[in-house]
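Structure file target.tsv (TSV, C-alpha atoms and all ligand atoms) is printed below.
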```
chain	number	residue	atom	x	y	z
A	1359	MET	CA	90.62	96.37	102.40
A	1360	LEU	CA	94.38	96.56	101.90
A	1361	LEU	CA	95.31	99.26	99.39
A	1362	ILE	CA	98.84	99.02	97.99
A	1363	ASP	CA	99.90	101.90	95.76
A	1364	THR	CA	103.04	100.91	93.86
A	1365	HIS	CA	104.26	104.39	92.87
A	1366	ASN	CA	104.46	107.70	94.71
A	1367	ASP	CA	107.05	110.41	94.09
A	1368	ILE	CA	106.69	112.56	97.22
A	1369	THR	CA	110.27	111.43	97.89
A	1370	SER	CA	111.51	113.89	95.25
A	1371	ARG	CA	110.31	116.56	97.68
A	1372	THR	CA	111.04	114.98	101.06
A	1373	VAL	CA	114.67	114.67	99.95
A	1374	ASP	CA	114.70	118.48	99.81
A	1375	GLY	CA	113.08	118.93	103.21
A	1376	TYR	CA	109.35	118.65	102.47
A	1377	ASP	CA	107.52	117.47	105.58
A	1378	ILE	CA	105.24	114.50	104.82
A	1379	GLY	CA	103.78	114.87	108.33
A	1380	LYS	CA	102.37	118.32	107.68
A	1381	ALA	CA	98.67	118.03	106.86
A	1382	LYS	CA	97.23	120.18	104.07
A	1383	ASN	CA	100.65	120.69	102.55
A	1384	ASP	CA	100.72	121.64	98.87
A	1385	GLY	CA	101.52	118.21	97.37
A	1386	HIS	CA	99.38	115.15	96.63
A	1387	THR	CA	100.72	113.22	99.63
A	1388	ASN	CA	100.91	113.64	103.39
A	1389	VAL	CA	100.35	111.37	106.38
A	1390	THR	CA	96.82	112.59	107.12
A	1391	ALA	CA	95.76	112.28	103.49
A	1392	LEU	CA	97.25	108.77	103.20
A	1393	LYS	CA	95.12	107.74	106.18
A	1394	GLU	CA	92.02	109.44	104.80
A	1395	GLY	CA	92.60	107.63	101.53
A	1396	GLY	CA	92.97	104.29	103.28
A	1397	VAL	CA	96.41	103.61	101.84
A	1398	GLY	CA	97.77	100.52	103.59
A	1399	ALA	CA	101.09	100.20	101.80
A	1400	GLN	CA	102.99	102.73	99.75
A	1401	PHE	CA	105.89	102.08	97.43
A	1402	PHE	CA	107.92	105.30	97.48
A	1403	ALA	CA	109.98	106.00	94.38
A	1404	ALA	CA	113.72	106.29	94.74
A	1405	TYR	CA	113.69	108.31	91.54
A	1406	VAL	CA	117.02	109.04	89.92
A	1407	ALA	CA	116.59	111.73	87.26
A	1408	PRO	CA	118.41	111.08	83.97
A	1409	GLU	CA	120.61	114.17	84.55
A	1410	TYR	CA	122.50	112.26	87.24
A	1411	VAL	CA	124.06	110.03	84.58
A	1412	GLN	CA	126.36	112.94	83.77
A	1413	GLY	CA	129.39	112.68	85.99
A	1414	ASN	CA	128.33	109.28	87.36
A	1415	ARG	CA	126.22	110.70	90.17
A	1416	SER	CA	123.34	108.19	89.84
A	1417	GLY	CA	124.53	105.93	92.65
A	1418	GLN	CA	124.88	108.82	95.07
A	1419	ARG	CA	121.41	110.10	94.13
A	1420	ALA	CA	119.86	106.64	94.53
A	1421	LEU	CA	121.34	106.38	98.02
A	1422	ALA	CA	119.96	109.82	98.90
A	1423	MET	CA	116.50	108.83	97.62
A	1424	ILE	CA	116.57	105.53	99.54
A	1425	ASP	CA	117.62	107.47	102.63
A	1426	THR	CA	114.73	109.90	102.35
A	1427	VAL	CA	112.28	106.99	102.61
A	1428	ARG	CA	114.12	105.41	105.49
A	1429	HIS	CA	115.03	108.65	107.33
A	1430	ASP	CA	112.60	111.45	106.38
A	1431	ILE	CA	109.50	109.25	106.22
A	1432	VAL	CA	109.84	106.07	108.31
A	1433	GLU	CA	112.30	107.18	110.98
A	1434	ARG	CA	110.70	110.61	111.35
A	1435	TYR	CA	107.16	109.24	111.68
A	1436	PRO	CA	107.47	105.85	113.40
A	1437	ASN	CA	103.88	105.96	114.66
A	1438	ASP	CA	102.60	106.15	111.10
A	1439	PHE	CA	105.07	104.19	108.93
A	1440	VAL	CA	107.00	100.93	109.17
A	1441	LEU	CA	109.54	99.93	106.53
A	1442	ALA	CA	108.40	96.78	104.69
A	1443	THR	CA	110.41	94.48	102.46
A	1444	THR	CA	108.12	91.46	102.06
A	1445	ALA	CA	104.46	90.67	101.39
A	1446	ASP	CA	104.20	89.28	104.93
A	1447	ASP	CA	105.59	92.57	106.30
A	1448	ILE	CA	102.85	94.50	104.48
A	1449	GLU	CA	100.09	92.35	105.93
A	1450	ARG	CA	101.53	92.46	109.44
A	1451	ILE	CA	102.03	96.25	109.39
A	1452	HIS	CA	98.54	96.73	107.97
A	1453	ARG	CA	97.08	94.67	110.84
A	1454	GLN	CA	98.93	96.99	113.26
A	1455	GLY	CA	97.09	99.92	111.72
A	1456	LYS	CA	100.23	101.52	110.29
A	1457	ILE	CA	101.26	102.26	106.73
A	1458	ALA	CA	103.82	99.91	105.19
A	1459	ALA	CA	106.52	101.93	103.43
A	1460	LEU	CA	108.37	100.25	100.58
A	1461	ILE	CA	111.11	101.40	98.23
A	1462	GLY	CA	111.26	101.07	94.46
A	1463	ILE	CA	114.06	102.49	92.33
A	1464	GLU	CA	112.98	104.45	89.29
A	1465	GLY	CA	115.63	104.41	86.59
A	1466	GLY	CA	117.96	101.46	85.96
A	1467	HIS	CA	120.90	103.84	85.44
A	1468	ALA	CA	120.87	104.01	89.28
A	1469	ILE	CA	123.04	100.88	89.37
A	1470	GLU	CA	125.76	102.57	87.27
A	1471	ASP	CA	126.10	99.29	85.35
A	1472	SER	CA	127.09	97.44	88.51
A	1473	LEU	CA	125.42	94.31	89.87
A	1474	ARG	CA	127.20	95.08	93.15
A	1475	LEU	CA	125.26	98.34	93.48
A	1476	LEU	CA	122.07	96.45	92.61
A	1477	ARG	CA	122.75	94.05	95.48
A	1478	ASP	CA	123.52	96.96	97.82
A	1479	TYR	CA	120.18	98.55	96.96
A	1480	TYR	CA	118.39	95.28	97.68
A	1481	ALA	CA	120.13	95.13	101.07
A	1482	LEU	CA	118.86	98.65	101.82
A	1483	GLY	CA	115.28	97.53	101.19
A	1484	VAL	CA	114.66	98.21	97.50
A	1485	ARG	CA	112.06	95.77	96.19
A	1486	TYR	CA	111.52	96.90	92.62
A	1487	MET	CA	113.43	98.74	89.95
A	1488	THR	CA	112.18	100.19	86.68
A	1489	LEU	CA	114.71	99.04	84.10
A	1490	THR	CA	114.79	102.56	82.66
A	1491	HIS	CA	113.35	105.99	83.26
A	1492	THR	CA	112.73	108.26	80.25
A	1493	ASN	CA	116.36	107.72	79.18
A	1494	THR	CA	117.87	104.74	77.42
A	1495	ASN	CA	120.76	103.59	79.60
A	1496	ASN	CA	123.78	101.45	78.74
A	1497	TRP	CA	121.75	98.22	78.83
A	1498	ALA	CA	118.04	98.92	78.21
A	1499	ASP	CA	116.01	101.02	75.77
A	1500	SER	CA	113.46	103.48	77.11
A	1501	SER	CA	110.08	104.47	75.68
A	1502	GLY	CA	111.09	108.06	76.40
A	1503	ASP	CA	113.72	108.34	73.67
A	1504	VAL	CA	113.22	105.24	71.53
A	1505	GLU	CA	112.30	107.46	68.55
A	1506	LYS	CA	115.33	109.71	68.88
A	1507	SER	CA	117.96	108.73	66.31
A	1508	SER	CA	120.63	110.67	68.19
A	1509	ILE	CA	120.44	108.11	71.03
A	1510	GLN	CA	122.33	104.84	70.72
A	1511	HIS	CA	119.78	102.04	71.18
A	1512	HIS	CA	120.22	98.33	71.88
A	1513	ASN	CA	117.06	96.79	70.40
A	1514	GLY	CA	115.72	96.08	73.91
A	1515	LEU	CA	118.00	94.61	76.57
A	1516	THR	CA	121.72	94.03	76.07
A	1517	ALA	CA	123.41	90.86	77.35
A	1518	PHE	CA	124.25	92.77	80.53
A	1519	GLY	CA	120.65	93.98	80.76
A	1520	LYS	CA	119.54	90.36	80.77
A	1521	GLN	CA	122.06	89.68	83.54
A	1522	VAL	CA	120.50	92.53	85.54
A	1523	VAL	CA	117.08	90.88	85.21
A	1524	HIS	CA	118.52	87.51	86.27
A	1525	GLU	CA	120.18	89.07	89.30
A	1526	MET	CA	116.95	90.84	90.26
A	1527	ASN	CA	115.19	87.46	90.05
A	1528	ARG	CA	117.87	85.87	92.22
A	1529	LEU	CA	117.72	88.65	94.81
A	1530	GLY	CA	113.94	88.86	94.92
A	1531	MET	CA	113.60	92.38	93.51
A	1532	MET	CA	110.59	92.90	91.24
A	1533	VAL	CA	111.41	93.68	87.62
A	1534	ASP	CA	109.42	96.80	86.74
A	1535	ILE	CA	108.80	97.52	83.06
A	1536	SER	CA	107.15	100.94	83.44
A	1537	HIS	CA	108.98	103.46	81.21
A	1538	VAL	CA	110.78	100.87	79.06
A	1539	ALA	CA	110.57	100.60	75.27
A	1540	ASP	CA	108.28	97.87	73.93
A	1541	LYS	CA	111.19	95.65	72.86
A	1542	THR	CA	112.74	95.97	76.33
A	1543	PHE	CA	109.43	94.75	77.79
A	1544	TRP	CA	109.38	91.71	75.50
A	1545	ASP	CA	113.02	90.91	76.30
A	1546	ALA	CA	112.44	91.26	80.05
A	1547	LEU	CA	109.32	89.09	79.87
A	1548	ASP	CA	111.29	86.46	77.98
A	1549	VAL	CA	114.30	86.50	80.32
A	1550	SER	CA	112.68	86.90	83.75
A	1551	SER	CA	111.86	83.71	85.62
A	1552	ALA	CA	109.51	85.63	87.92
A	1553	PRO	CA	106.39	87.68	87.08
A	1554	LEU	CA	106.93	91.32	86.12
A	1555	ILE	CA	105.13	94.46	87.20
A	1556	ALA	CA	104.39	97.74	85.44
A	1557	SER	CA	104.36	99.80	88.64
A	1558	HIS	CA	102.75	102.88	87.05
A	1559	SER	CA	101.49	102.40	83.49
A	1560	SER	CA	98.12	102.64	81.77
A	1561	CYS	CA	96.50	101.29	78.58
A	1562	ARG	CA	97.67	102.39	75.14
A	1563	ALA	CA	94.39	101.25	73.55
A	1564	LEU	CA	92.63	104.06	75.45
A	1565	CYS	CA	95.39	106.68	75.37
A	1566	ASP	CA	97.97	106.29	72.66
A	1567	VAL	CA	101.25	107.21	74.34
A	1568	ARG	CA	104.40	105.08	74.39
A	1569	ARG	CA	104.49	105.07	78.22
A	1570	ASN	CA	101.30	102.98	78.19
A	1571	MET	CA	101.04	99.25	77.49
A	1572	THR	CA	99.49	97.73	74.38
A	1573	ASP	CA	96.82	95.04	74.78
A	1574	GLU	CA	99.33	92.42	73.57
A	1575	MET	CA	101.75	93.47	76.29
A	1576	ILE	CA	99.08	93.45	79.02
A	1577	ALA	CA	97.89	89.99	77.97
A	1578	ALA	CA	101.44	88.59	77.90
A	1579	LEU	CA	102.31	90.20	81.25
A	1580	ALA	CA	99.17	88.66	82.76
A	1581	LYS	CA	99.89	85.25	81.29
A	1582	LYS	CA	103.18	85.14	83.21
A	1583	GLY	CA	101.43	86.19	86.43
A	1584	GLY	CA	102.35	89.87	86.32
A	1585	VAL	CA	100.39	93.01	87.18
A	1586	ILE	CA	99.88	96.39	85.50
A	1587	GLN	CA	99.35	99.05	88.15
A	1588	ILE	CA	97.28	101.83	86.58
A	1589	ASN	CA	98.83	105.32	86.50
A	1590	PHE	CA	96.67	108.39	87.31
A	1591	ASN	CA	98.61	110.92	85.18
A	1592	CYS	CA	96.06	112.87	83.08
A	1593	GLY	CA	98.34	112.63	80.05
A	1594	PHE	CA	98.37	108.81	80.21
A	1595	LEU	CA	94.61	108.46	80.79
A	1596	ASN	CA	92.85	110.79	78.42
A	1597	SER	CA	93.72	111.47	74.77
A	1598	LYS	CA	92.66	115.13	74.97
A	1599	SER	CA	94.81	115.67	78.06
A	1600	ALA	CA	97.70	113.83	76.37
A	1601	GLN	CA	97.38	116.01	73.27
A	1602	ALA	CA	97.24	119.22	75.30
A	1603	ALA	CA	100.15	118.12	77.49
A	1604	LYS	CA	102.33	117.98	74.38
A	1605	SER	CA	102.03	121.76	74.11
A	1606	VAL	CA	103.52	122.19	77.58
A	1607	GLN	CA	107.26	121.90	77.49
A	1608	PRO	CA	108.04	121.01	81.11
A	1609	SER	CA	110.96	123.12	82.18
A	1610	THR	CA	111.52	120.59	84.90
A	1611	LEU	CA	110.19	117.39	86.43
A	1612	PRO	CA	107.84	117.39	89.41
A	1613	GLY	CA	109.66	117.91	92.63
A	1614	ALA	CA	112.40	119.99	91.07
A	1615	ARG	CA	113.01	123.70	91.16
A	1616	GLY	CA	110.85	125.61	88.69
A	1617	GLU	CA	107.94	123.20	88.94
A	1618	ASP	CA	105.51	125.94	90.02
A	1619	ALA	CA	105.71	127.57	86.58
A	1620	THR	CA	105.12	124.24	84.86
A	1621	ILE	CA	102.16	123.41	87.11
A	1622	ALA	CA	100.63	126.81	86.33
A	1623	GLU	CA	101.02	126.19	82.61
A	1624	TYR	CA	99.46	122.73	82.95
A	1625	ARG	CA	96.48	124.17	84.80
A	1626	LYS	CA	95.99	126.66	81.96
A	1627	LYS	CA	96.44	124.30	79.01
A	1628	VAL	CA	95.68	120.70	80.03
A	1629	PRO	CA	92.08	119.63	80.69
A	1630	PRO	CA	92.27	117.16	83.59
A	1631	ALA	CA	91.33	113.53	83.12
A	1632	THR	CA	88.50	112.21	85.29
A	1633	LEU	CA	87.74	109.47	87.76
A	1634	ALA	CA	85.77	107.82	84.93
A	1635	ASP	CA	88.98	107.70	82.86
A	1636	VAL	CA	90.77	105.84	85.65
A	1637	VAL	CA	87.89	103.37	85.93
A	1638	ALA	CA	87.94	102.92	82.14
A	1639	HIS	CA	91.66	102.03	82.19
A	1640	ILE	CA	91.21	99.61	85.09
A	1641	ASP	CA	88.23	98.06	83.33
A	1642	HIS	CA	90.09	97.75	80.02
A	1643	ALA	CA	93.14	96.17	81.66
A	1644	VAL	CA	90.84	93.70	83.46
A	1645	LYS	CA	89.12	92.80	80.17
A	1646	VAL	CA	92.48	92.22	78.46
A	1647	GLY	CA	94.54	90.70	81.27
A	1648	GLY	CA	91.93	89.39	83.70
A	1649	ILE	CA	90.98	90.41	87.23
A	1650	ASN	CA	94.27	89.03	88.63
A	1651	ALA	CA	96.48	91.26	86.48
A	1652	VAL	CA	95.55	94.80	87.54
A	1653	GLY	CA	96.68	97.03	90.40
A	1654	ILE	CA	97.11	100.67	91.45
A	1655	GLY	CA	100.23	102.79	90.82
A	1656	SER	CA	99.05	106.38	91.16
A	1657	ASP	CA	102.25	108.34	90.42
A	1658	PHE	CA	101.03	110.99	92.87
A	1659	ASP	CA	103.54	113.81	93.29
A	1660	GLY	CA	105.28	112.60	90.15
A	1661	VAL	CA	102.84	114.23	87.74
A	1662	PHE	CA	101.64	117.76	87.06
A	1663	CYS	CA	97.99	116.83	86.54
A	1664	THR	CA	95.76	114.42	88.44
A	1665	PRO	CA	92.18	113.40	87.54
A	1666	ALA	CA	89.14	115.33	88.73
A	1667	GLY	CA	87.86	113.27	91.65
A	1668	LEU	CA	91.25	111.66	92.29
A	1669	GLU	CA	93.30	114.74	92.99
A	1670	ASP	CA	95.45	113.33	95.79
A	1671	VAL	CA	95.99	110.28	98.00
A	1672	SER	CA	93.00	111.10	100.21
A	1673	LYS	CA	90.57	110.53	97.32
A	1674	PHE	CA	90.88	106.74	96.91
A	1675	PRO	CA	87.40	106.20	98.46
A	1676	ASN	CA	85.97	107.93	95.36
A	1677	LEU	CA	87.64	105.30	93.20
A	1678	THR	CA	86.27	102.50	95.38
A	1679	ARG	CA	82.77	103.91	95.01
A	1680	ALA	CA	83.17	104.29	91.25
A	1681	LEU	CA	84.39	100.69	90.86
A	1682	LEU	CA	81.46	99.39	92.92
A	1683	GLU	CA	79.09	101.42	90.72
A	1684	LYS	CA	80.77	99.93	87.65
A	1685	GLY	CA	79.78	96.49	88.97
A	1686	TYR	CA	83.03	95.33	90.55
A	1687	SER	CA	82.54	93.17	93.64
A	1688	SER	CA	84.41	93.90	96.85
A	1689	GLU	CA	86.41	90.72	96.17
A	1690	ASP	CA	87.42	92.11	92.73
A	1691	ILE	CA	88.41	95.43	94.29
A	1692	ARG	CA	90.43	93.66	96.97
A	1693	LYS	CA	92.49	92.05	94.19
A	1694	ILE	CA	92.96	95.28	92.25
A	1695	TYR	CA	93.79	97.30	95.35
A	1696	GLY	CA	96.40	94.98	96.80
A	1697	GLY	CA	95.80	91.25	96.42
A	1698	ASN	CA	97.37	91.02	92.98
A	1699	THR	CA	100.46	92.99	93.97
A	1700	LEU	CA	100.91	90.83	97.08
A	1701	ARG	CA	100.68	87.73	94.90
A	1702	VAL	CA	103.45	88.98	92.59
A	1703	MET	CA	105.62	89.87	95.59
A	1704	ARG	CA	105.20	86.36	96.98
A	1705	ALA	CA	105.97	84.80	93.60
A	1706	VAL	CA	109.13	86.94	93.30
A	1707	GLU	CA	110.17	86.02	96.86
A	1708	ALA	CA	109.60	82.29	96.18
A	1709	GLU	CA	111.55	82.40	92.91
A	1710	ALA	CA	114.47	84.11	94.67
A	1711	LYS	CA	114.51	81.39	97.31
A	1712	ARG	CA	114.47	78.72	94.62
A	1713	LEU	CA	117.29	80.34	92.62
A	1714	GLN	CA	119.42	80.91	95.72
A	1715	SER	CA	119.11	77.31	96.89
A	1716	ALA	CA	119.81	76.04	93.37
A	1717	THR	CA	123.11	77.92	93.13
A	1718	ARG	CA	124.28	77.26	96.65
B	1	ZN	ZN	107.66	107.30	86.33
```
Show me the file's structure as structure tokens.
Amino acid sequence: MLLIDTHNDITSRTVDGYDIGKAKNDGHTNVTALKEGGVGAQFFAAYVAPEYVQGNRSGQRALAMIDTVRHDIVERYPNDFVLATTADDIERIHRQGKIAALIGIEGGHAIEDSLRLLRDYYALGVRYMTLTHTNTNNWADSSGDVEKSSIQHHNGLTAFGKQVVHEMNRLGMMVDISHVADKTFWDALDVSSAPLIASHSSCRALCDVRRNMTDEMIAALAKKGGVIQINFNCGFLNSKSAQAAKSVQPSTLPGARGEDATIAEYRKKVPPATLADVVAHIDHAVKVGGINAVGIGSDFDGVFCTPAGLEDVSKFPNLTRALLEKGYSSEDIRKIYGGNTLRVMRAVEAEAKRLQSATR
């Protein structure tokens, strides 16, 4: 079984010196736990916090985050990780018994409105980019601030935003619609000539938050061959957790200074979601989009609360067991765990080849 998790934020800590090789460290992710969990390929987030927009520091931060994957994870632990940039790489590295490490940018402001930076990131190994994080940028609206009237919105993607999607298609970088506003999703779906992913999103029908996808969105994403990779954040899985999480005003994001206080407050106030919630979201997405449209995007080390039974990357076998108990066949689980994501990667790679030969 090849398990591909499309979103992990341990990079926000490794960039500050956290050692991913140290077992029983205090995060959700370390080398031993990844192996216990049977993770075959991990997309590490090159997360660029919205604060970096101020003073045009997003590019520098993106480079630092890319470097922490390449340097602090892959280069530091060559017996455990190999950098992967294609679907074939993932399969080959998995056969070698190592973990394929991939890079996805989180936050389209990372390109500082420059297609040249986008191309540079591709050259450094980046294979997906979320068009936004929680902030609307100069070319795409975000779900994180779409209701704030003080923010200047674009009604989805601007003309330049559409160019960004086209260039991602041409390069062979997956267009990731996690975090974007609904209209941005519909624009991206319309404009992209390759399937899209939602690298770490869950179902709005089960937990009504804007970060999750509506059934209409899941069905349309699936129809164009895309995949929704289910997020394990308590506040995206369970309505009670989501409600309680609203009362916690995070003083910071995970991985930043001051997170200990926020985690303590979460533990006090937010009832954790459960393994059953994760199964329910997977099951709902399968019912709406089909068995070929669902994947795994845990968001481990990017969230303050993880489900009981799926506390960290070592606990994936619990999910496998729960899916089998729910009636999923091993063939179904193979698709959800990695087959569907590999298929999108191959489709994106093929479309890039086609576009590049057409313009040559
Ligand atoms: Zn995220």
Show me which residues are within 8 Å of ligand ZN 1 (chain B) counting only C-alpha atoms and all ligand atoms, and format the list as a ChimeraX atom specification.
/A:1365,1464,1491-1492,1536-1537,1558,1657,1660
Include C-alpha atoms and write out the residues we just selected as a CSV table (one decimal), keeping the file's coordinate frame.
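Wrote out.csv, looks like this:
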```csv
chain,number,residue,atom,x,y,z
A,1365,HIS,CA,104.3,104.4,92.9
A,1464,GLU,CA,113.0,104.4,89.3
A,1491,HIS,CA,113.4,106.0,83.3
A,1492,THR,CA,112.7,108.3,80.2
A,1536,SER,CA,107.2,100.9,83.4
A,1537,HIS,CA,109.0,103.5,81.2
A,1558,HIS,CA,102.8,102.9,87.0
A,1657,ASP,CA,102.2,108.3,90.4
A,1660,GLY,CA,105.3,112.6,90.2
```
A:Trp1544, A:Pro1553, A:Lys1393, A:Thr1516 ranked by distance to Gly1530 in chain A, top pick (using all atoms listed in the file):
A:Pro1553
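Here CA of Thr1372 in chain A and CA of Ser1416 in chain A stand 18.0 Å from one another.
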At a cut-off of 10 Å, using all atoms listed in the file, what residues contact His1386 in chain A? Leave out same-chain residues fewer than 6 positions from it and give the result as a list in words.
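The filter keeps Asn1366, Asp1367, Ile1368, Leu1392, Asp1657, Phe1658, Asp1659, Gly1660, Val1661, Thr1664, Leu1668, Glu1669, Asp1670, Val1671, Ser1672 and Lys1673 of chain A.
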Could you tell me how far CA of Asp1534 in chain A lies from CA of Ile1654 in chain A, in Å and to one decimal?
13.7 Å
For range 1626-1701 of chain A versus range 1590-1600 of chain A, which residues have an atom no more than 8 Å away, and what is each residue's nearest atom pair and distance in Å rounded to one decimal, using all atoms listed in the file, chain-then-number order, as a Markdown table?
```
| residue | atom | partner | partner_atom | distance |
| --- | --- | --- | --- | --- |
| A:Val1628 | CA | A:Ser1599 | CA | 5.5 |
| A:Pro1629 | CA | A:Ser1599 | CA | 5.5 |
| A:Pro1630 | CA | A:Cys1592 | CA | 5.7 |
| A:Ala1631 | CA | A:Cys1592 | CA | 4.8 |
| A:Thr1632 | CA | A:Cys1592 | CA | 7.9 |
| A:Asp1635 | CA | A:Leu1595 | CA | 6.0 |
| A:Val1636 | CA | A:Phe1590 | CA | 6.6 |
| A:His1639 | CA | A:Leu1595 | CA | 7.2 |
| A:Gly1655 | CA | A:Phe1590 | CA | 7.5 |
| A:Ser1656 | CA | A:Phe1590 | CA | 5.0 |
| A:Asp1657 | CA | A:Phe1590 | CA | 6.4 |
| A:Phe1658 | CA | A:Phe1590 | CA | 7.5 |
| A:Val1661 | CA | A:Asn1591 | CA | 6.0 |
| A:Phe1662 | CA | A:Asn1591 | CA | 7.7 |
| A:Cys1663 | CA | A:Cys1592 | CA | 5.6 |
| A:Thr1664 | CA | A:Asn1591 | CA | 5.6 |
| A:Pro1665 | CA | A:Cys1592 | CA | 5.9 |
```
Could you tell me which of A:Gly1685, A:Leu1547, A:Phe1401, A:Ile1509 comes closest to Lys1582 in chain A if we count all atoms listed in the file?
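With all atoms listed in the file as the atom set, the closest residue is A:Leu1547.
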Any chance you could tabulate, as JSON lines, the residues of range 1389-1453 of chain A at most 12 Å from range 1706-1712 of chain A with each one's nearest atom pair and distance in Å to one decimal, using all atoms listed in the file, in chain and rising number order?
```
{"residue": "A:Thr1443", "atom": "CA", "partner": "A:Glu1707", "partner_atom": "CA", "distance": 10.1}
{"residue": "A:Thr1444", "atom": "CA", "partner": "A:Glu1707", "partner_atom": "CA", "distance": 7.8}
{"residue": "A:Ala1445", "atom": "CA", "partner": "A:Glu1707", "partner_atom": "CA", "distance": 8.6}
{"residue": "A:Asp1446", "atom": "CA", "partner": "A:Glu1707", "partner_atom": "CA", "distance": 10.6}
```
How far is it from CA of Val1538 in chain A to CA of Ala1556 in chain A, in Å with one decimal?
9.6 Å
